[in-house]
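Text of model.csv (CSV, C-alpha atoms) as supplied:
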chain,number,residue,atom,x,y,z
A,218,MET,CA,117.7,64.9,11.4
A,219,THR,CA,120.4,66.2,9.1
A,220,THR,CA,124.1,66.6,9.1
A,221,HIS,CA,126.0,69.6,7.8
A,222,ALA,CA,129.6,70.1,7.0
A,223,ALA,CA,131.7,71.9,9.6
A,224,ALA,CA,130.9,75.6,9.7
A,225,PRO,CA,133.7,78.2,9.3
A,226,ASP,CA,133.2,79.4,12.9
A,227,ALA,CA,133.5,75.9,14.2
A,228,PRO,CA,136.9,74.4,13.2
A,229,GLY,CA,137.8,70.9,14.1
A,230,HIS,CA,136.1,67.9,15.7
A,231,GLY,CA,133.9,66.8,12.8
A,232,ASP,CA,130.7,68.3,11.5
A,233,VAL,CA,128.1,70.5,13.1
A,234,ARG,CA,124.9,68.6,13.1
A,235,PHE,CA,121.5,70.1,12.9
A,236,TRP,CA,119.1,68.8,15.6
A,237,ASP,CA,115.5,69.7,14.8
A,238,VAL,CA,114.1,68.3,18.1
A,239,PRO,CA,110.8,66.8,16.8
A,240,ASP,CA,107.6,66.3,18.8
A,241,LEU,CA,107.8,62.7,19.8
A,242,PRO,CA,104.9,60.4,20.6
A,243,GLY,CA,104.5,59.0,24.1
A,244,LEU,CA,107.7,58.5,26.0
A,245,GLU,CA,109.7,57.7,22.9
A,246,PHE,CA,113.4,58.7,23.5
A,247,ASP,CA,114.8,61.1,21.0
A,248,PRO,CA,116.8,59.0,18.4
A,249,PHE,CA,119.3,61.8,17.9
A,250,LEU,CA,120.1,61.9,21.6
A,251,ASP,CA,120.3,58.1,21.7
A,252,GLU,CA,122.8,58.2,18.8
A,253,MET,CA,124.9,60.9,20.4
A,254,VAL,CA,125.2,59.2,23.9
A,255,ARG,CA,126.3,55.9,22.3
A,256,GLU,CA,128.5,57.2,19.4
A,257,ASP,CA,129.5,60.8,19.7
A,258,PRO,CA,129.2,61.9,23.3
A,259,VAL,CA,130.8,65.3,22.9
A,260,SER,CA,129.5,66.7,19.6
A,261,ARG,CA,128.7,70.0,18.0
A,262,ILE,CA,125.1,70.9,17.1
A,263,ARG,CA,122.8,73.6,15.8
A,264,LEU,CA,119.3,74.0,17.1
A,265,PRO,CA,116.3,75.6,15.3
A,266,ASN,CA,116.8,79.1,16.7
A,267,GLY,CA,119.7,81.4,17.7
A,268,GLU,CA,123.1,81.6,16.0
A,269,GLY,CA,126.2,79.5,15.7
A,270,PHE,CA,126.9,76.1,17.1
A,271,ALA,CA,127.0,74.6,20.6
A,272,TRP,CA,128.7,71.6,22.1
A,273,LEU,CA,126.4,68.8,23.3
A,274,VAL,CA,127.7,66.7,26.2
A,275,THR,CA,125.7,63.5,26.7
A,276,ARG,CA,127.4,61.0,29.0
A,277,TYR,CA,126.8,60.7,32.7
A,278,GLU,CA,130.3,61.6,34.1
A,279,ASP,CA,130.8,64.3,31.4
A,280,VAL,CA,127.5,65.9,32.2
A,281,LYS,CA,128.4,66.0,35.9
A,282,GLN,CA,131.7,67.6,35.0
A,283,VAL,CA,130.2,70.4,32.9
A,284,THR,CA,127.4,71.2,35.3
A,285,ASN,CA,129.6,71.4,38.3
A,286,ASP,CA,132.6,73.3,36.8
A,287,ALA,CA,132.8,77.0,37.4
A,288,ARG,CA,134.6,77.4,34.1
A,289,PHE,CA,131.2,76.9,32.4
A,290,SER,CA,129.1,80.0,33.0
A,291,ARG,CA,125.3,80.5,32.8
A,292,GLN,CA,125.7,84.2,33.4
A,293,ALA,CA,127.8,84.6,30.2
A,294,VAL,CA,124.9,83.4,28.1
A,295,VAL,CA,123.0,86.6,28.8
A,296,GLY,CA,123.0,88.9,25.8
A,297,ARG,CA,124.2,86.2,23.4
A,298,SER,CA,122.0,84.7,20.7
A,299,VAL,CA,123.1,81.1,21.4
A,300,THR,CA,121.7,78.4,19.2
A,301,ARG,CA,118.6,77.0,21.1
A,302,LEU,CA,115.3,75.2,20.7
A,303,ALA,CA,112.9,78.1,21.7
A,304,PRO,CA,112.6,81.2,19.5
A,305,HIS,CA,113.2,83.2,22.7
A,306,PHE,CA,114.7,82.8,26.1
A,307,ILE,CA,112.2,81.4,28.5
A,308,PRO,CA,113.3,82.6,32.0
A,309,LEU,CA,112.8,86.1,33.2
A,310,GLU,CA,115.7,88.4,32.9
A,311,GLY,CA,117.7,88.2,36.2
A,312,ALA,CA,116.4,84.7,36.9
A,313,VAL,CA,118.5,82.4,39.1
A,314,GLY,CA,118.9,80.1,36.2
A,315,PHE,CA,121.3,82.6,34.5
A,316,ALA,CA,123.3,83.3,37.7
A,317,ASP,CA,126.7,81.9,38.7
A,318,PRO,CA,128.1,81.4,42.2
A,319,PRO,CA,128.5,83.4,44.4
A,320,ASP,CA,125.5,85.4,43.2
A,321,HIS,CA,123.6,82.2,42.5
A,322,THR,CA,124.3,80.9,46.0
A,323,ARG,CA,122.9,84.1,47.5
A,324,LEU,CA,119.7,83.8,45.5
A,325,ARG,CA,119.1,80.2,46.4
A,326,ARG,CA,119.8,80.8,50.1
A,327,SER,CA,116.7,83.0,50.2
A,328,VAL,CA,114.3,80.2,49.1
A,329,ALA,CA,116.0,77.1,50.6
A,330,LYS,CA,114.0,77.2,53.8
A,331,ALA,CA,110.8,76.6,51.9
A,332,PHE,CA,112.0,73.2,50.7
A,333,THR,CA,113.7,71.6,53.7
A,334,SER,CA,112.4,68.2,54.8
A,335,ARG,CA,110.7,69.9,57.7
A,336,ALA,CA,108.9,72.4,55.4
A,337,VAL,CA,107.9,69.7,52.9
A,338,ALA,CA,106.5,67.6,55.8
A,339,ARG,CA,104.3,70.5,56.8
A,340,VAL,CA,102.5,70.5,53.5
A,341,GLU,CA,102.0,66.7,53.3
A,342,GLU,CA,98.8,66.5,55.2
A,343,SER,CA,97.2,69.3,53.2
A,344,ALA,CA,98.5,67.9,49.9
A,345,GLN,CA,96.9,64.5,50.7
A,346,ARG,CA,93.6,66.3,51.5
A,347,VAL,CA,93.7,68.0,48.1
A,348,MET,CA,94.4,64.8,46.3
A,349,ASP,CA,91.6,63.0,48.2
A,350,GLY,CA,89.2,65.7,47.2
A,351,LEU,CA,90.2,65.6,43.6
A,352,VAL,CA,89.8,61.8,43.5
A,353,ASP,CA,86.4,62.0,45.3
A,354,ALA,CA,85.2,64.4,42.6
A,355,MET,CA,86.5,62.2,39.8
A,356,LEU,CA,84.8,59.1,41.3
A,357,ALA,CA,81.5,61.0,41.7
A,358,GLU,CA,81.7,61.9,38.0
A,359,GLY,CA,82.5,58.3,37.1
A,360,ALA,CA,84.6,56.5,34.5
A,361,PRO,CA,86.1,57.1,32.1
A,362,ALA,CA,87.9,60.3,33.2
A,363,ASP,CA,90.8,62.5,32.1
A,364,LEU,CA,93.5,62.4,34.8
A,365,MET,CA,95.1,65.6,33.4
A,366,ALA,CA,91.9,67.5,34.0
A,367,HIS,CA,90.9,65.9,37.3
A,368,VAL,CA,94.3,65.2,39.0
A,369,ASN,CA,97.6,65.8,37.3
A,370,GLY,CA,96.7,69.4,36.4
A,371,PRO,CA,95.1,70.8,39.5
A,372,PHE,CA,97.1,68.9,42.2
A,373,PRO,CA,100.6,70.2,41.6
A,374,LEU,CA,99.2,73.7,41.0
A,375,ALA,CA,97.4,73.6,44.4
A,376,VAL,CA,100.5,72.3,46.2
A,377,VAL,CA,103.1,74.7,44.8
A,378,SER,CA,100.6,77.6,45.2
A,379,GLU,CA,100.3,76.7,48.9
A,380,VAL,CA,104.1,76.6,49.3
A,381,VAL,CA,104.6,79.9,47.5
A,382,GLY,CA,101.6,81.7,49.1
A,383,VAL,CA,99.4,82.2,46.1
A,384,PRO,CA,95.7,82.3,47.0
A,385,LYS,CA,93.6,79.4,45.8
A,386,GLU,CA,91.3,81.6,43.7
A,387,ASP,CA,94.3,82.8,41.6
A,388,GLY,CA,95.1,79.3,40.4
A,389,PRO,CA,93.5,79.8,37.0
A,390,LEU,CA,95.7,82.9,36.4
A,391,MET,CA,98.9,80.8,37.3
A,392,LYS,CA,97.8,78.0,35.0
A,393,GLY,CA,97.3,80.4,32.0
A,394,TRP,CA,100.6,82.3,32.5
A,395,THR,CA,102.5,79.1,33.0
A,396,ALA,CA,101.2,77.6,29.7
A,397,SER,CA,102.1,80.8,27.8
A,398,ILE,CA,105.6,81.1,29.3
A,399,LEU,CA,106.7,77.5,28.9
A,400,SER,CA,105.5,76.7,25.4
A,401,SER,CA,107.7,77.6,22.4
A,402,ALA,CA,104.6,77.5,20.2
A,403,HIS,CA,103.0,80.8,21.1
A,404,GLY,CA,105.9,83.1,20.1
A,405,LYS,CA,108.1,85.6,21.9
A,406,GLU,CA,105.4,88.4,22.1
A,407,HIS,CA,102.9,86.1,23.8
A,408,SER,CA,105.5,84.8,26.2
A,409,ASP,CA,106.8,88.2,27.1
A,410,ARG,CA,103.4,89.5,27.8
A,411,ALA,CA,102.7,86.6,30.2
A,412,LYS,CA,106.1,87.2,31.9
A,413,GLN,CA,105.2,90.8,32.4
A,414,GLU,CA,101.8,90.0,33.8
A,415,ILE,CA,103.0,87.3,36.2
A,416,GLY,CA,105.9,89.5,37.3
A,417,ALA,CA,103.5,92.3,38.1
A,418,TYR,CA,101.3,89.9,40.1
A,419,PHE,CA,104.2,88.7,42.2
A,420,THR,CA,105.5,92.2,42.7
A,421,ASP,CA,102.2,93.1,44.2
A,422,LEU,CA,102.0,89.8,46.2
A,423,LEU,CA,105.5,90.3,47.8
A,424,CYS,CA,104.9,93.9,48.6
A,425,ARG,CA,101.7,93.1,50.6
A,426,THR,CA,103.0,89.9,52.2
A,427,ALA,CA,104.3,90.1,55.8
A,428,PRO,CA,107.9,88.9,56.2
A,429,GLY,CA,108.0,85.5,57.9
A,430,GLU,CA,108.7,81.8,57.2
A,431,ASP,CA,105.4,80.2,56.5
A,432,THR,CA,105.4,80.6,52.7
A,433,LEU,CA,108.0,81.3,50.0
A,434,ALA,CA,106.4,84.7,49.5
A,435,SER,CA,107.0,85.5,53.2
A,436,LEU,CA,110.6,84.3,53.0
A,437,LEU,CA,111.2,86.5,49.9
A,438,SER,CA,109.5,89.4,51.5
A,439,ARG,CA,111.8,89.1,54.5
A,440,ALA,CA,114.9,88.8,52.2
A,441,VAL,CA,113.9,92.1,50.4
A,442,PHE,CA,113.2,93.8,53.8
A,443,ASP,CA,116.7,92.7,55.0
A,444,ASP,CA,118.4,93.8,51.8
A,445,GLU,CA,119.5,90.3,50.9
A,446,LEU,CA,117.5,90.5,47.6
A,447,THR,CA,116.3,93.2,45.4
A,448,LEU,CA,112.5,93.2,44.7
A,449,PRO,CA,113.1,92.2,41.0
A,450,GLU,CA,115.3,89.3,42.2
A,451,ALA,CA,112.7,88.1,44.6
A,452,VAL,CA,109.9,88.4,42.0
A,453,ALA,CA,112.0,86.3,39.5
A,454,LEU,CA,112.5,83.6,42.1
A,455,ALA,CA,108.8,83.5,43.0
A,456,VAL,CA,107.9,83.2,39.3
A,457,LEU,CA,110.4,80.5,38.6
A,458,ILE,CA,109.3,78.3,41.5
A,459,GLN,CA,105.6,78.9,40.9
A,460,VAL,CA,105.8,78.2,37.2
A,461,SER,CA,108.3,75.4,37.1
A,462,GLY,CA,107.1,73.7,40.2
A,463,ALA,CA,103.5,73.3,38.9
A,464,HIS,CA,104.3,72.6,35.3
A,465,ALA,CA,107.1,70.1,35.9
A,466,VAL,CA,105.2,68.0,38.4
A,467,THR,CA,102.0,68.1,36.3
A,468,ASN,CA,103.8,66.6,33.3
A,469,ASN,CA,106.2,64.3,35.2
A,470,SER,CA,103.5,62.8,37.3
A,471,ALA,CA,101.3,62.2,34.2
A,472,ASN,CA,104.4,60.7,32.4
A,473,MET,CA,104.8,58.4,35.4
A,474,LEU,CA,101.3,57.2,35.2
A,475,TYR,CA,101.5,56.7,31.4
A,476,ALA,CA,104.7,54.7,31.9
A,477,LEU,CA,103.0,52.5,34.6
A,478,LEU,CA,99.9,52.0,32.5
A,479,THR,CA,101.9,51.0,29.4
A,480,HIS,CA,104.3,48.7,31.4
A,481,PRO,CA,101.8,46.3,33.1
A,482,ASP,CA,104.5,44.1,34.5
A,483,GLN,CA,106.0,46.9,36.5
A,484,LEU,CA,102.5,48.2,37.5
A,485,ARG,CA,101.7,44.7,38.8
A,486,ARG,CA,105.0,44.5,40.6
A,487,LEU,CA,104.2,47.8,42.4
A,488,ARG,CA,100.7,46.8,43.3
A,489,ASP,CA,102.0,43.5,44.7
A,490,ASP,CA,104.7,45.2,46.7
A,491,PRO,CA,103.8,48.9,47.7
A,492,ALA,CA,107.1,49.1,49.6
A,493,LEU,CA,108.7,49.4,46.1
A,494,MET,CA,107.2,52.9,45.7
A,495,PRO,CA,110.3,54.9,46.5
A,496,ALA,CA,112.5,52.8,44.2
A,497,ALA,CA,109.7,53.0,41.5
A,498,ILE,CA,109.6,56.8,41.6
A,499,GLU,CA,113.4,57.0,41.3
A,500,GLU,CA,113.4,54.6,38.3
A,501,LEU,CA,110.5,56.5,36.7
A,502,LEU,CA,112.4,59.7,37.1
A,503,ARG,CA,115.4,58.2,35.4
A,504,PHE,CA,113.5,56.5,32.6
A,505,ILE,CA,111.1,59.3,31.6
A,506,PRO,CA,112.3,61.8,28.9
A,507,HIS,CA,110.8,64.7,30.8
A,508,ARG,CA,111.7,67.4,28.2
A,509,ASN,CA,112.2,68.1,24.5
A,510,GLY,CA,115.7,69.0,23.6
A,511,VAL,CA,118.0,70.4,26.3
A,512,GLY,CA,117.7,73.2,28.9
A,513,LEU,CA,119.8,76.3,29.3
A,514,SER,CA,123.3,76.4,27.8
A,515,ARG,CA,126.5,77.5,29.4
A,516,ILE,CA,129.5,79.4,28.0
A,517,ALA,CA,133.1,78.2,28.5
A,518,LEU,CA,135.1,80.9,30.2
A,519,GLU,CA,138.4,79.3,29.2
A,520,ASP,CA,139.6,76.3,27.2
A,521,VAL,CA,138.3,73.1,29.0
A,522,THR,CA,138.8,69.5,28.1
A,523,VAL,CA,135.8,67.2,28.3
A,524,ALA,CA,136.3,63.5,27.5
A,525,GLY,CA,139.4,64.3,25.5
A,526,VAL,CA,137.7,67.1,23.5
A,527,THR,CA,138.8,70.7,23.9
A,528,ILE,CA,136.0,73.1,24.3
A,529,ARG,CA,137.3,76.6,23.5
A,530,ALA,CA,136.7,79.7,25.6
A,531,GLY,CA,133.5,81.4,24.4
A,532,ASP,CA,131.9,78.2,23.1
A,533,ALA,CA,128.4,77.4,24.1
A,534,VAL,CA,127.8,74.0,25.8
A,535,TYR,CA,124.6,72.0,26.5
A,536,ALA,CA,124.6,69.2,29.0
A,537,SER,CA,121.8,66.6,28.5
A,538,TYR,CA,120.4,65.1,31.7
A,539,LEU,CA,118.2,62.9,29.6
A,540,THR,CA,121.1,61.1,28.0
A,541,ALA,CA,123.0,60.9,31.3
A,542,ASN,CA,120.1,58.9,32.6
A,543,ARG,CA,120.3,56.6,29.6
A,544,ASP,CA,124.1,56.2,29.6
A,545,PRO,CA,124.7,52.5,29.0
A,546,GLY,CA,128.1,52.8,30.7
A,547,VAL,CA,126.2,53.6,34.0
A,548,PHE,CA,122.8,52.0,33.7
A,549,ALA,CA,122.5,48.4,32.5
A,550,ASP,CA,119.9,48.1,29.8
A,551,PRO,CA,119.0,51.8,30.2
A,552,ASP,CA,116.0,51.8,27.9
A,553,THR,CA,114.2,49.3,30.1
A,554,LEU,CA,111.9,50.4,33.0
A,555,ASP,CA,112.9,48.1,35.9
A,556,PHE,CA,111.8,48.8,39.5
A,557,GLY,CA,114.2,46.2,40.7
A,558,ARG,CA,117.2,48.0,39.1
A,559,GLU,CA,120.3,48.6,41.3
A,560,GLN,CA,119.8,52.1,42.5
A,561,LYS,CA,122.3,54.6,41.0
A,562,ALA,CA,121.8,58.4,41.3
A,563,HIS,CA,119.9,59.7,38.3
A,564,LEU,CA,120.3,63.3,37.2
A,565,SER,CA,116.7,64.2,36.6
A,566,PHE,CA,116.9,67.0,39.2
A,567,GLY,CA,120.1,68.3,37.7
A,568,HIS,CA,123.6,68.5,39.2
A,569,GLY,CA,126.0,71.0,40.7
A,570,PRO,CA,125.0,74.6,41.7
A,571,HIS,CA,121.8,74.5,39.6
A,572,TYR,CA,120.5,71.3,41.2
A,573,CYS,CA,116.7,71.6,41.5
A,574,VAL,CA,115.7,73.4,44.7
A,575,GLY,CA,112.6,71.3,45.4
A,576,PRO,CA,113.2,67.6,44.7
A,577,MET,CA,111.8,66.5,48.1
A,578,LEU,CA,108.5,68.3,47.3
A,579,ALA,CA,108.4,66.8,43.8
A,580,ARG,CA,109.0,63.3,45.2
A,581,LEU,CA,106.2,63.9,47.8
A,582,GLU,CA,103.7,64.9,45.2
A,583,SER,CA,104.7,61.9,43.0
A,584,ARG,CA,104.3,59.5,45.9
A,585,ILE,CA,100.9,60.9,46.9
A,586,THR,CA,99.6,60.9,43.3
A,587,LEU,CA,100.7,57.3,42.5
A,588,ALA,CA,99.9,55.8,45.8
A,589,THR,CA,96.4,57.4,46.0
A,590,LEU,CA,95.4,56.5,42.5
A,591,LEU,CA,96.6,52.9,42.8
A,592,ASP,CA,94.9,52.5,46.1
A,593,ARG,CA,91.5,54.1,45.3
A,594,LEU,CA,91.1,53.1,41.6
A,595,PRO,CA,91.3,49.3,41.4
A,596,GLY,CA,92.1,48.0,37.9
A,597,LEU,CA,93.3,51.5,36.8
A,598,ARG,CA,94.1,51.4,33.1
A,599,LEU,CA,94.0,53.5,30.0
A,600,ALA,CA,90.6,54.1,28.5
A,601,VAL,CA,92.1,54.4,25.0
A,602,ALA,CA,94.9,52.7,23.1
A,603,PRO,CA,98.3,54.1,24.2
A,604,GLU,CA,98.8,55.7,20.7
A,605,ASP,CA,95.5,57.6,21.1
A,606,VAL,CA,96.7,59.6,24.0
A,607,ARG,CA,97.3,63.2,22.8
A,608,TRP,CA,100.7,64.7,23.6
A,609,ARG,CA,101.6,68.4,24.0
A,610,ARG,CA,103.2,69.8,20.8
A,611,GLY,CA,105.7,72.6,20.7
A,612,ALA,CA,106.4,72.1,24.4
A,613,LEU,CA,109.7,72.3,26.1
A,614,ILE,CA,108.5,70.0,28.9
A,615,ARG,CA,107.0,66.8,27.6
A,616,GLY,CA,103.7,65.5,28.8
A,617,PRO,CA,100.2,64.3,27.6
A,618,GLU,CA,97.4,66.8,26.8
A,619,ASN,CA,94.9,64.2,28.1
A,620,LEU,CA,95.2,60.9,30.0
A,621,PRO,CA,91.9,59.1,29.7
A,622,VAL,CA,91.6,56.2,32.2
A,623,THR,CA,89.0,53.9,33.5
A,624,TRP,CA,88.9,51.5,36.5
A,625,ASP,CA,86.9,48.7,38.0
A,626,ILE,CA,83.6,49.9,39.4
A,627,ALA,CA,82.6,48.2,42.7

Rewrite the coordinates I just gave you, this time as structure tokens.
Amino acid sequence: MTTHAAAPDAPGHGDVRFWDVPDLPGLEFDPFLDEMVREDPVSRIRLPNGEGFAWLVTRYEDVKQVTNDARFSRQAVVGRSVTRLAPHFIPLEGAVGFADPPDHTRLRRSVAKAFTSRAVARVEESAQRVMDGLVDAMLAEGAPADLMAHVNGPFPLAVVSEVVGVPKEDGPLMKGWTASILSSAHGKEHSDRAKQEIGAYFTDLLCRTAPGEDTLASLLSRAVFDDELTLPEAVALAVLIQVSGAHAVTNNSANMLYALLTHPDQLRRLRDDPALMPAAIEELLRFIPHRNGVGLSRIALEDVTVAGVTIRAGDAVYASYLTANRDPGVFADPDTLDFGREQKAHLSFGHGPHYCVGPMLARLESRITLATLLDRLPGLRLAVAPEDVRWRRGALIRGPENLPVTWDIA
């Protein structure tokens, strides 16, 4: 981490600091973010790629302000080489992540029915069957086993594919495209090719899917038929949900298990009182640094004051949900995992118009994963030292490459 003098294009408010966003071991919290949330909550940064500087907003209430204020635009980012972590923009062009209301509202409305409590409840039974089958196969193979290969990889992919309407046999294609799109390590050309291929796949899938309400593909097909969405818009939505839905839960559920297995006091607490599971999942979501760096930026459409600092029209702004979840002014002893913590709303699923569309599904998958493994694998523990677990490098979403575990054999 280095500090630079203020750049000519960035007058006032101290220096512009370069943030190299290192690959960190385990669930170690980024020391730069920790410093910013405690000492410089509205600061100016440069990231490894792109141009210029951006504001970094880190405290809970300020993050909520920026992410829910129409004066900060995602759409205005398009066409600008904003300073960023990845060498290229990750979402497909026209993706909902770059839209502002009311266009953003129209796009989200088309997929909302796939993630209502009623819709999520419909997939619970099949999701549990998938999990039971995966655990059966792992038990048959015996300990030790890699949870990433046996459970945390295939389970979220199977669940989101069912919700979207992707045939089971196409799972390997989805897995490969997702890895290519969401890693900054492969380069722009590799990522762009994967985007084109998965876009062509979903164009074909939506065109041959009958309109209806059973799957996301059916909902999107209906929206195109009714002229509520263009076909490219529907494809971009399908890709976003398929890719992010599988990838995020794969890594987050693995991070949850790693956190449990390296915090034996909290694991014991949860085993002794299974009714703690909902609170445990919320605390794990708050505690886990689920990504490297920050997500998509916004552009200030006019001068806006945040925490006493004036952000000028045209400036790029990043809001960090990770630091909001570790804000010591909101969460007492924020770096401690505590299932008995007084519940306050974390921001792990975002805030404002871009709040995650599928938090109920993610929570369901997390609950099924943790509850099933703790129930069926007595004495579940890491099969290697915590520092010997390999972590994904060059990844935007943090998570282990492997998660070797063992358990007590009856």

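Residues within 10 Å of A:Pro428, counting all atoms listed in the file and excluding same-chain residues fewer than 2 positions away, are Leu423, Cys424, Arg425, Thr426, Glu430, Asp431, Thr432, Leu433, Ala434, Ser435, Leu436, Leu437, Ser438, Arg439, Ala440, Val441, Phe442 and Asp443 of chain A.
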
Check your understanding: When you draw a straight line from atom CA of A:Leu478 to atom CA of A:Pro603, how long is it in Å?
Key ->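 One can read the atom CA of A:Leu478 to atom CA of A:Pro603 distance as 8.7 Å.
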
Practice item. Calculate how many Å separate atom CA of A:Ile528 from atom CA of A:Pro239, rounding to one decimal. Key: 27.0 Å

Near A:Thr527, within 12 Å and counting only C-alpha atoms, which residues show up once chain neighbours fewer than 4 positions away are dropped, as a PDB file with C-alpha atoms, in the coordinates of the input?
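selection_5.pdb, freshly written:
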ATOM      1  CA  PRO A 228     136.900  74.400  13.200  1.00  0.00           C
ATOM      2  CA  GLY A 229     137.800  70.900  14.100  1.00  0.00           C
ATOM      3  CA  HIS A 230     136.100  67.900  15.700  1.00  0.00           C
ATOM      4  CA  VAL A 259     130.800  65.300  22.900  1.00  0.00           C
ATOM      5  CA  SER A 260     129.500  66.700  19.600  1.00  0.00           C
ATOM      6  CA  ARG A 261     128.700  70.000  18.000  1.00  0.00           C
ATOM      7  CA  TRP A 272     128.700  71.600  22.100  1.00  0.00           C
ATOM      8  CA  ALA A 517     133.100  78.200  28.500  1.00  0.00           C
ATOM      9  CA  GLU A 519     138.400  79.300  29.200  1.00  0.00           C
ATOM     10  CA  ASP A 520     139.600  76.300  27.200  1.00  0.00           C
ATOM     11  CA  VAL A 521     138.300  73.100  29.000  1.00  0.00           C
ATOM     12  CA  THR A 522     138.800  69.500  28.100  1.00  0.00           C
ATOM     13  CA  VAL A 523     135.800  67.200  28.300  1.00  0.00           C
ATOM     14  CA  GLY A 531     133.500  81.400  24.400  1.00  0.00           C
ATOM     15  CA  ASP A 532     131.900  78.200  23.100  1.00  0.00           C
ATOM     16  CA  VAL A 534     127.800  74.000  25.800  1.00  0.00           C
TER      17      VAL A 534
END

Review point. Hey, what's within 9 Å of A:Asp363 if we count all atoms listed in the file and toss same-chain stuff fewer than 2 positions away? As an MDAnalysis selection string, please?
Key: chainID A and resid 355 360:361 365:368 619:623

Review point. Got a sec: who's within 10 Å of stretch 287-295 of chain A, counting only C-alpha atoms, leaving out chain neighbours fewer than 6 positions off, as a list of chain:residue names?
Key: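 Surrounding residues, per the criterion: A:Phe306, A:Glu310, A:Gly311, A:Ala312, A:Val313, A:Gly314, A:Phe315, A:Ala316, A:Asp317, A:Pro318, A:Asp320, A:His321, A:Leu513, A:Ser514, A:Arg515, A:Ile516, A:Ala517, A:Leu518, A:Glu519, A:Asp520, A:Val521, A:Ala530, A:Gly531, A:Asp532, A:Ala533, A:Val534, A:Gly569, A:Pro570, A:His571.
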
Practice item. Can you pull out every residue within 7 Å of A:Arg503, counting all atoms listed in the file, but drop anything in the same chain fewer than 5 positions away, and send it as a ChimeraX atom specification? Key: /A:542,563,565

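When all atoms listed in the file are used to compute distances to A:Gly359, the closest of the residues A:Lys412, A:Glu559, A:Leu594, A:Leu493 turns out to be A:Leu594.
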
Point to revise | Between atom CA of A:Ala541 and atom CA of A:Val280, distance in Å (one decimal) | key: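 Separating atom CA of A:Ala541 from atom CA of A:Val280 is a distance of 6.8 Å.
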
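Nearest residue to A:Asp489, choosing from A:Asp251, A:Asp592, A:Asp409, A:Gly393 and counting only C-alpha atoms: A:Asp592.
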
Practice item. Name the closest residue to A:Arg598 among the candidates A:Asn285, A:Thr479, A:Gln413, A:Ser334; distances are taken between atoms, counting only C-alpha atoms. Key: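 Residue with the minimum atom-to-atom distance to A:Arg598: A:Thr479.
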